[in-house]
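Novice: Please find final-v2.txt (compact mmCIF, C-alpha atoms) on the next line:
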# COMPACT_ATOMS: atom_id res chain seq x y z
CA MET A 1 11.25 18.40 5.40
CA ALA A 2 13.52 19.80 8.10
CA GLY A 3 14.22 17.43 10.93
CA LEU A 4 13.41 14.24 9.04
CA ARG A 5 16.03 11.59 8.46
CA ALA A 6 16.98 11.17 4.79
CA PRO A 7 14.70 8.32 3.65
CA ARG A 8 15.96 5.18 2.01
CA TYR A 9 12.60 4.86 0.29
CA ARG A 10 10.25 7.57 -0.92
CA GLY A 11 7.74 8.30 -3.67
CA ILE A 12 4.97 6.10 -5.02
CA PHE A 13 4.78 2.51 -3.70
CA PRO A 14 1.39 1.24 -4.94
CA VAL A 15 -0.26 -1.92 -3.67
CA ALA A 16 -0.22 -4.81 -6.11
CA PRO A 17 -3.50 -6.71 -6.38
CA THR A 18 -3.47 -10.49 -6.05
CA THR A 19 -4.67 -12.10 -9.26
CA PHE A 20 -6.96 -15.13 -9.28
CA THR A 21 -8.62 -17.31 -11.88
CA GLU A 22 -12.41 -17.40 -12.24
CA VAL A 23 -12.52 -20.31 -9.77
CA GLY A 24 -10.36 -18.54 -7.21
CA GLU A 25 -6.97 -20.14 -7.79
CA LEU A 26 -3.80 -18.04 -7.85
CA ASP A 27 -2.93 -16.88 -11.37
CA LEU A 28 0.84 -16.46 -11.20
CA ALA A 29 1.22 -15.64 -14.90
CA SER A 30 -1.15 -12.69 -14.51
CA GLN A 31 0.60 -11.77 -11.27
CA LYS A 32 3.90 -11.40 -13.08
CA ARG A 33 2.32 -9.33 -15.84
CA CYS A 34 0.73 -7.14 -13.18
CA ILE A 35 4.15 -6.53 -11.63
CA ASP A 36 5.75 -5.81 -15.02
CA PHE A 37 3.02 -3.30 -15.82
CA MET A 38 3.37 -1.57 -12.46
CA ILE A 39 7.11 -1.17 -12.94
CA ASP A 40 6.56 0.16 -16.46
CA SER A 41 4.02 2.66 -15.10
CA GLY A 42 6.75 4.39 -13.12
CA VAL A 43 6.42 3.15 -9.54
CA ASP A 44 9.22 3.85 -7.08
CA GLY A 45 8.43 0.52 -5.44
CA ILE A 46 5.64 -1.99 -4.87
CA CYS A 47 3.78 -3.29 -1.82
CA ILE A 48 2.35 -6.82 -1.80
CA LEU A 49 -0.02 -8.75 0.48
CA ALA A 50 -1.72 -5.60 1.76
CA ASN A 51 -5.44 -5.35 2.44
CA PHE A 52 -5.90 -4.08 -1.12
CA SER A 53 -4.15 -7.32 -2.17
CA GLU A 54 -6.96 -9.33 -0.52
CA GLN A 55 -4.40 -10.63 1.98
CA PHE A 56 -7.21 -11.64 4.34
CA LEU A 57 -8.39 -14.16 1.73
CA LEU A 58 -5.01 -15.91 1.37
CA ALA A 59 -3.69 -19.07 3.01
CA ASP A 60 -0.26 -19.00 4.65
CA ASP A 61 1.34 -21.15 1.96
CA GLU A 62 -0.11 -18.87 -0.72
CA ARG A 63 1.44 -15.85 0.99
CA GLU A 64 4.82 -17.56 0.89
CA LEU A 65 4.38 -18.51 -2.77
CA LEU A 66 3.30 -15.00 -3.75
CA THR A 67 6.16 -13.38 -1.85
CA ARG A 68 8.74 -15.62 -3.47
CA THR A 69 7.17 -15.34 -6.93
CA VAL A 70 6.97 -11.55 -6.87
CA LEU A 71 10.42 -10.95 -5.37
CA GLU A 72 12.07 -13.34 -7.81
CA HIS A 73 10.22 -11.77 -10.74
CA VAL A 74 11.00 -8.21 -9.67
CA ALA A 75 14.66 -9.25 -9.39
CA GLY A 76 15.73 -5.97 -7.81
CA ARG A 77 14.15 -3.68 -10.40
CA VAL A 78 12.31 -1.80 -7.64
CA PRO A 79 12.16 -2.24 -3.85
CA VAL A 80 9.27 -4.36 -2.58
CA ILE A 81 7.43 -3.94 0.72
CA VAL A 82 5.88 -7.16 2.03
CA THR A 83 2.93 -7.00 4.43
CA THR A 84 3.50 -9.48 7.25
CA THR A 85 0.69 -8.58 9.64
CA HIS A 86 -0.42 -11.21 12.16
CA PHE A 87 -1.79 -11.01 15.70
CA SER A 88 0.97 -13.22 17.07
CA SER A 89 4.32 -11.52 17.69
CA ALA A 90 6.16 -14.77 16.91
CA VAL A 91 4.27 -15.45 13.70
CA CYS A 92 4.65 -11.86 12.50
CA ALA A 93 8.37 -11.89 13.32
CA ALA A 94 8.83 -15.19 11.46
CA ARG A 95 6.88 -13.93 8.45
CA SER A 96 9.00 -10.78 8.44
CA ARG A 97 12.25 -12.71 8.65
CA ARG A 98 11.23 -14.96 5.74
CA ALA A 99 10.25 -11.91 3.68
CA GLN A 100 13.63 -10.34 4.38
CA ASP A 101 15.41 -13.55 3.43
CA MET A 102 13.54 -13.60 0.12
CA GLY A 103 14.61 -10.04 -0.68
CA ALA A 104 11.99 -7.68 0.78
CA ALA A 105 13.15 -4.10 1.23
CA MET A 106 10.72 -3.44 4.08
CA VAL A 107 7.82 -5.06 5.90
CA MET A 108 4.50 -3.39 6.66
CA VAL A 109 2.72 -4.43 9.84
CA MET A 110 -0.62 -3.48 11.40
CA PRO A 111 -0.93 -3.55 15.20
CA PRO A 112 -2.34 -6.78 16.69
CA TYR A 113 -6.09 -7.08 16.29
CA HIS A 114 -8.74 -9.70 15.64
CA GLY A 115 -12.38 -9.24 14.88
CA ALA A 116 -14.31 -6.37 16.39
CA THR A 117 -13.05 -6.48 19.95
CA PHE A 118 -9.75 -8.34 20.41
CA ARG A 119 -7.05 -5.70 21.05
CA VAL A 120 -3.96 -5.32 23.22
CA PRO A 121 -2.83 -2.30 25.29
CA GLU A 122 -0.05 0.08 24.26
CA VAL A 123 2.66 -1.68 26.23
CA GLN A 124 1.94 -4.89 24.31
CA ILE A 125 1.84 -3.03 21.00
CA GLU A 126 5.31 -1.63 21.68
CA ALA A 127 6.61 -5.06 22.65
CA PHE A 128 5.04 -6.57 19.53
CA TYR A 129 6.85 -4.18 17.19
CA ALA A 130 10.07 -4.57 19.18
CA ARG A 131 9.99 -8.34 18.68
CA VAL A 132 9.40 -7.92 14.95
CA SER A 133 12.25 -5.41 14.78
CA ASP A 134 14.61 -7.72 16.65
CA ALA A 135 13.98 -10.47 14.10
CA ILE A 136 15.04 -8.50 11.01
CA GLY A 137 17.49 -5.97 9.64
CA ILE A 138 15.17 -4.06 7.29
CA PRO A 139 12.72 -1.24 8.08
CA VAL A 140 9.30 -1.82 9.60
CA MET A 141 6.41 0.33 8.38
CA VAL A 142 3.67 0.74 10.98
CA GLN A 143 0.32 0.64 9.21
CA ASP A 144 -1.99 2.98 11.09
CA ALA A 145 -5.30 1.94 9.56
CA PRO A 146 -8.90 2.11 10.76
CA ALA A 147 -9.30 -1.56 9.77
CA SER A 148 -7.41 -2.60 12.88
CA GLY A 149 -9.71 -0.66 15.21
CA THR A 150 -6.57 0.16 17.21
CA VAL A 151 -5.87 3.77 18.11
CA LEU A 152 -2.17 4.57 17.70
CA PRO A 153 -1.53 7.97 19.31
CA VAL A 154 1.21 10.18 17.91
CA ALA A 155 3.13 9.92 21.19
CA LEU A 156 3.20 6.11 20.88
CA LEU A 157 4.31 6.18 17.24
CA ALA A 158 7.06 8.72 17.94
CA ARG A 159 8.25 6.76 20.97
CA MET A 160 8.45 3.54 18.94
CA ALA A 161 10.41 5.36 16.23
CA ARG A 162 12.92 6.57 18.81
CA GLN A 163 13.23 3.34 20.78
CA ILE A 164 12.70 0.44 18.32
CA GLU A 165 15.54 0.05 15.86
CA GLN A 166 13.74 -0.86 12.64
CA VAL A 167 10.53 1.13 13.20
CA ALA A 168 11.04 4.15 10.98
CA TYR A 169 8.17 4.29 8.46
CA PHE A 170 4.53 5.10 9.14
CA LYS A 171 1.60 4.74 6.76
CA ILE A 172 -1.15 6.97 8.10
CA GLU A 173 -4.64 6.08 6.89
CA THR A 174 -6.76 7.43 9.74
CA PRO A 175 -9.18 10.36 9.39
CA GLY A 176 -7.31 13.64 9.58
CA ALA A 177 -4.19 11.98 8.19
CA ALA A 178 -2.47 15.26 7.30
CA ALA A 179 -2.79 16.60 10.83
CA LYS A 180 -1.49 13.34 12.27
CA LEU A 181 1.45 13.27 9.85
CA ARG A 182 2.34 16.85 10.77
CA ALA A 183 2.18 16.06 14.49
CA LEU A 184 4.20 12.86 14.05
CA ILE A 185 6.95 14.69 12.16
CA GLU A 186 7.04 17.42 14.79
CA GLU A 187 7.18 15.02 17.73
CA GLY A 188 9.35 12.30 16.20
CA GLY A 189 11.91 14.50 14.46
CA ASP A 190 14.77 12.63 12.83
CA ALA A 191 13.50 9.30 14.18
CA ILE A 192 10.78 9.50 11.51
CA GLU A 193 12.36 8.32 8.28
CA GLY A 194 9.20 7.82 6.26
CA PRO A 195 5.91 9.58 6.99
CA TRP A 196 3.63 8.14 4.29
CA ASP A 197 0.18 8.70 2.88
CA GLY A 198 -2.26 5.83 2.30
CA GLU A 199 -5.85 5.19 1.22
CA GLU A 200 -5.23 5.26 -2.53
CA GLY A 201 -4.11 8.90 -2.41
CA ILE A 202 -7.55 10.30 -1.53
CA THR A 203 -5.82 12.83 0.77
CA LEU A 204 -2.53 12.89 -1.16
CA PHE A 205 -2.12 16.62 -1.67
CA ALA A 206 -2.93 17.54 1.92
CA ASP A 207 -0.60 14.80 3.15
CA LEU A 208 2.25 16.01 0.93
CA GLU A 209 1.68 19.50 2.30
CA ALA A 210 1.96 18.02 5.80
CA GLY A 211 5.34 16.47 4.99
CA ALA A 212 4.60 13.00 3.61
CA THR A 213 7.54 11.68 1.63
CA GLY A 214 5.85 8.54 0.30
CA ALA A 215 2.43 7.34 -0.78
CA MET A 216 0.95 3.86 -0.89
CA THR A 217 -1.75 4.12 -3.51
CA GLY A 218 -3.80 1.81 -5.68
CA GLY A 219 -1.75 -0.11 -8.22
CA ALA A 220 -3.29 0.86 -11.57
CA TYR A 221 -2.14 4.38 -12.45
CA ALA A 222 1.21 5.37 -10.99
CA ASP A 223 1.84 7.20 -14.27
CA GLY A 224 -0.80 9.69 -13.13
CA LEU A 225 0.12 9.80 -9.45
CA ARG A 226 3.91 9.92 -9.47
CA PRO A 227 4.06 13.31 -11.24
CA ILE A 228 1.98 14.79 -8.42
CA VAL A 229 4.54 13.68 -5.86
CA GLU A 230 7.48 14.68 -8.06
CA SER A 231 6.10 18.18 -8.70
CA HIS A 232 5.44 18.73 -5.03
CA ARG A 233 8.94 17.52 -4.09
CA GLN A 234 10.42 20.05 -6.51
CA GLY A 235 8.46 22.87 -4.88
CA GLU A 236 5.99 23.18 -7.77
CA ARG A 237 2.90 23.23 -5.57
CA ASP A 238 0.55 24.71 -8.15
CA ALA A 239 1.54 22.11 -10.73
CA ALA A 240 1.14 19.34 -8.14
CA PHE A 241 -2.30 20.63 -7.20
CA ALA A 242 -3.38 20.83 -10.85
CA ARG A 243 -2.28 17.26 -11.48
CA TYR A 244 -3.97 16.07 -8.29
CA GLN A 245 -7.16 17.88 -9.30
CA ARG A 246 -7.11 16.16 -12.70
CA TRP A 247 -6.71 12.64 -11.30
CA LEU A 248 -8.93 13.10 -8.25
CA PRO A 249 -12.16 11.76 -9.85
CA LEU A 250 -10.43 8.42 -10.51
CA ILE A 251 -8.77 8.40 -7.08
CA ASN A 252 -12.15 9.14 -5.52
CA HIS A 253 -13.90 6.38 -7.47
CA GLU A 254 -11.32 3.84 -6.36
CA ASN A 255 -11.41 4.94 -2.74
CA ARG A 256 -15.15 5.48 -2.36
CA GLN A 257 -16.88 3.32 -4.98
CA SER A 258 -14.95 0.41 -6.46
CA GLY A 259 -12.43 -0.26 -3.68
CA PHE A 260 -9.69 -2.84 -4.06
CA LEU A 261 -11.33 -4.28 -7.18
CA ALA A 262 -10.56 -1.08 -9.12
CA ALA A 263 -6.97 -1.99 -9.93
CA LYS A 264 -7.92 -5.43 -11.21
CA ALA A 265 -10.82 -4.10 -13.29
CA LEU A 266 -8.56 -1.54 -14.94
CA MET A 267 -5.82 -4.12 -15.49
CA LYS A 268 -8.29 -6.58 -17.02
CA GLU A 269 -9.73 -3.87 -19.27
CA GLY A 270 -6.25 -3.06 -20.51
CA GLY A 271 -5.18 -6.65 -21.10
CA VAL A 272 -2.68 -6.74 -18.23
CA ILE A 273 -4.31 -9.62 -16.36
CA ALA A 274 -6.62 -12.44 -17.44
CA CYS A 275 -9.26 -12.19 -14.70
CA GLU A 276 -10.44 -9.45 -12.36
CA ALA A 277 -12.54 -11.62 -10.05
CA PRO A 278 -12.04 -11.34 -6.30
CA ARG A 279 -11.83 -14.45 -4.18
CA HIS A 280 -15.11 -15.74 -2.76
CA PRO A 281 -16.97 -14.66 -0.64
CA TRP A 282 -16.07 -11.12 -1.68
CA PRO A 283 -18.67 -9.98 -4.25
CA ALA A 284 -17.75 -8.90 -7.76
CA MET A 285 -18.00 -5.24 -8.65
CA HIS A 286 -21.44 -4.17 -9.87
CA PRO A 287 -21.41 -3.80 -13.67
CA LEU A 288 -22.57 -0.17 -13.51
CA THR A 289 -19.89 0.69 -10.95
CA ARG A 290 -17.34 -0.92 -13.25
CA ARG A 291 -18.59 1.04 -16.23
CA GLU A 292 -18.30 4.30 -14.30
CA LEU A 293 -14.76 3.35 -13.27
CA ILE A 294 -13.64 2.60 -16.83
CA GLU A 295 -15.32 5.72 -18.22
CA THR A 296 -13.62 7.86 -15.59
CA ALA A 297 -10.26 6.29 -16.37
CA ARG A 298 -10.64 6.65 -20.15
CA ARG A 299 -10.94 10.41 -19.79
CA LEU A 300 -7.41 10.35 -18.35
CA ASP A 301 -5.89 7.79 -20.75
CA PRO A 302 -3.75 5.97 -18.16
CA MET A 303 -1.14 3.46 -19.30
CA VAL A 304 -3.09 0.62 -17.70
CA LEU A 305 -5.74 0.78 -20.45
CA ARG A 306 -3.10 0.54 -23.20
CA TRP A 307 -0.26 -1.57 -21.77
CA GLY A 308 -1.55 -5.01 -22.73
CA ARG A 309 -3.27 -4.09 -26.00
Would you mind writing the file's structure down as structure tokens?
Specialist:
Amino acid sequence: MAGLRAPRYRGIFPVAPTTFTEVGELDLASQKRCIDFMIDSGVDGICILANFSEQFLLADDERELLTRTVLEHVAGRVPVIVTTTHFSSAVCAARSRRAQDMGAAMVMVMPPYHGATFRVPEVQIEAFYARVSDAIGIPVMVQDAPASGTVLPVALLARMARQIEQVAYFKIETPGAAAKLRALIEEGGDAIEGPWDGEEGITLFADLEAGATGAMTGGAYADGLRPIVESHRQGERDAAFARYQRWLPLINHENRQSGFLAAKALMKEGGVIACEAPRHPWPAMHPLTRRELIETARRLDPMVLRWGR
């Protein structure tokens, strides 16, 4: 895409689920198998501790343990993005610095928010990201997600990209993502190193058309998703569209029906992990929803259903 800075990171960076036992304890053995499977499935990189990793159900010491465990197990095979979101600038900066020290390639950070109403104005958002940037020497990805309830206008994002050293990547998950990506690329120019797609790839093709160079998808079927991105990058738009069309029912089921439990259900079905349960109080997936998910996946024969068998 003309005008964009050559990205250090691009392609498919799926979110790794966090694996638990039936009683809600961390299952680090399954976590390592999950990571091995994801690498084997053809990811360009991995993101951990995101919302689809149930990060909001983790204690601080568990976040540290998971970060260290995953980064040591990956051992440089692929770059890893660590989500370090926190309302406090100091806490977020410290989390980001520790992630960098452990080997993270990038951190992903949502704007400060808490509950339904606690927000800060734009000037504080800019200062927040500047303090995180000042604490580290690796890129910061701004996560522009409806979950925060914080509106991040294109002008603000472009200004932060120009003025804050490490802010260079942007994961756009808001409605109308393609239009926002296109506007961000136009306004930010070469300050925008990584305009990325989110939300499990539900708008992947439109976002690639708009100039997205990366996608943060669900973690279970990069073997189906990466060829879409690769074909589009090579200018094979019809082939990319055909591949997207083929995988869209599964993408849609994950995004609209089964949510962040989809990856774990598929990994459990394929023998990758020992348990697919979420952490309480999040409810388990309804058995009929799970059956529809597995049936949809079987029609596509993804690696996840064969890897551990």
Novice: Considering all atoms listed in the file, can you say which of A:Val167, A:Ala220, A:Ile138, A:Ala215 comes closest to Ala191 in chain A?
Specialist: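 Closest to Ala191 in chain A, using all atoms listed in the file: A:Val167.
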Novice: Residues of range 228-274 of chain A that approach range 282-305 of chain A to 7 Å or less, counting only C-alpha atoms: could you list each one with the shortest pair of atoms and its distance in Å to one decimal, rows by chain and increasing residue number, as JSON lines?
Specialist:
{"residue": "A:Leu250", "atom": "CA", "partner": "A:Thr296", "partner_atom": "CA", "distance": 6.0}
{"residue": "A:His253", "atom": "CA", "partner": "A:Leu293", "partner_atom": "CA", "distance": 6.6}
{"residue": "A:Ser258", "atom": "CA", "partner": "A:Thr289", "partner_atom": "CA", "distance": 6.7}
{"residue": "A:Leu261", "atom": "CA", "partner": "A:Met285", "partner_atom": "CA", "distance": 6.9}
{"residue": "A:Leu266", "atom": "CA", "partner": "A:Val304", "partner_atom": "CA", "distance": 6.5}
{"residue": "A:Met267", "atom": "CA", "partner": "A:Val304", "partner_atom": "CA", "distance": 5.9}
{"residue": "A:Glu269", "atom": "CA", "partner": "A:Leu305", "partner_atom": "CA", "distance": 6.2}
{"residue": "A:Gly270", "atom": "CA", "partner": "A:Leu305", "partner_atom": "CA", "distance": 3.9}
Novice: Compile the contact shell of Gly11 in chain A as a PyMOL selection string: residues with an atom at most 12 Å away, counting only C-alpha atoms, same-chain residues fewer than 6 positions apart removed.
Specialist: chain A and resi 42-46+78-79+194-198+201+204+208+212-217+222+225-233
Novice: Which polymer residues have any atom within 9 Å of an atom of range 63-68 of chain A, counting all atoms listed in the file, with same-chain residues fewer than 3 positions away left out, as JSON, numbers by chain?
Specialist: {"A": [18, 26, 28, 31, 48, 49, 55, 58, 59, 60, 71, 72, 73, 82, 95, 98, 99, 102, 103, 104]}
Novice: Env of His86 in chain A: 10 Å cut, atoms = only C-alpha atoms, seq-sep filter 4 positions within chain, self excluded. Answer as number ranges by chain.
Specialist: A: 90-93, 95, 109-114
Novice: Expressed in Å to a single decimal, how great is the separation between CA of Phe52 in chain A and CA of Ile202 in chain A?
Specialist: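 Result for CA of Phe52 in chain A versus CA of Ile202 in chain A: 14.5 Å, one decimal.
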Novice: Might you pull out every residue within 9 Å of Thr174 in chain A, with all atoms listed in the file counted and same-chain residues fewer than 4 positions away left off, and present them as a VMD selection string?
Specialist: chain A and resid 144 to 146 180 198 to 199
Novice: Against range 116-123 of chain A, which residues of range 12-104 of chain A fall within 12 Å? For each one I want the closest pair of atoms and the distance in Å (one decimal), counting all atoms listed in the file, rows by chain and increasing residue number, as CSV.
Specialist:
residue,atom,partner,partner_atom,distance
A:Phe87,CA,A:Arg119,CA,9.2
A:Ser88,CA,A:Val120,CA,11.2
A:Ser89,CA,A:Val120,CA,11.7
Novice: Those selected residues, please, written with C-alpha atoms and delivered as a PDB file, in the coordinates of the input.
Specialist:
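Below is the file that was written, part.pdb:
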ATOM      1  CA  PHE A  87      -1.790 -11.010  15.700  1.00  0.00           C
ATOM      2  CA  SER A  88       0.970 -13.220  17.070  1.00  0.00           C
ATOM      3  CA  SER A  89       4.320 -11.520  17.690  1.00  0.00           C
TER       4      SER A  89
END
Novice: What does the distance between CA of Ile12 in chain A and CA of Glu186 in chain A come to in Å, to one decimal place?
Specialist: 22.9 Å
Novice: Between CA of Gln143 in chain A and CA of Lys171 in chain A, what is the distance in Å, rounded to a tenth?
Specialist: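 Taking CA of Gln143 in chain A as the start and CA of Lys171 in chain A as the end point, the length is 4.9 Å.
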Novice: Go through A:Gly271, A:Pro281, A:Gly188, A:Gly211 and flag the residue nearest Arg10 in chain A, using only C-alpha atoms for the distances.
Specialist: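 Ranking A:Gly271, A:Pro281, A:Gly188, A:Gly211 by distance to Arg10 in chain A, first place goes to A:Gly211.
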Novice: So, with all atoms listed in the file as the atoms that count, which of A:Cys275, A:Ile39, A:Val15, A:Ile185 lies closest to Asp223 in chain A?
Specialist: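 Comparing A:Cys275, A:Ile39, A:Val15, A:Ile185 against Asp223 in chain A, the winner is A:Ile39.
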Novice: Please return as a PDB file with C-alpha atoms, keeping the file's coordinate frame every residue within 7 Å of (-11.2, -18.3, -3.0), taking into account only C-alpha atoms and the file's own coordinates.
Specialist:
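New file out-v6.pdb:
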ATOM      1  CA  GLY A  24     -10.360 -18.540  -7.210  1.00  0.00           C
ATOM      2  CA  GLU A  25      -6.970 -20.140  -7.790  1.00  0.00           C
ATOM      3  CA  LEU A  57      -8.390 -14.160   1.730  1.00  0.00           C
ATOM      4  CA  ARG A 279     -11.830 -14.450  -4.180  1.00  0.00           C
ATOM      5  CA  HIS A 280     -15.110 -15.740  -2.760  1.00  0.00           C
TER       6      HIS A 280
END
Novice: If we count only C-alpha atoms, what is near Cys34 in chain A at a cut-off of 9 Å, once residues fewer than 5 positions away on the same chain are taken out, given as an NGL selection string?
Specialist: :A and (16-19 or 29 or 39 or 219 or 267 or 272-273)
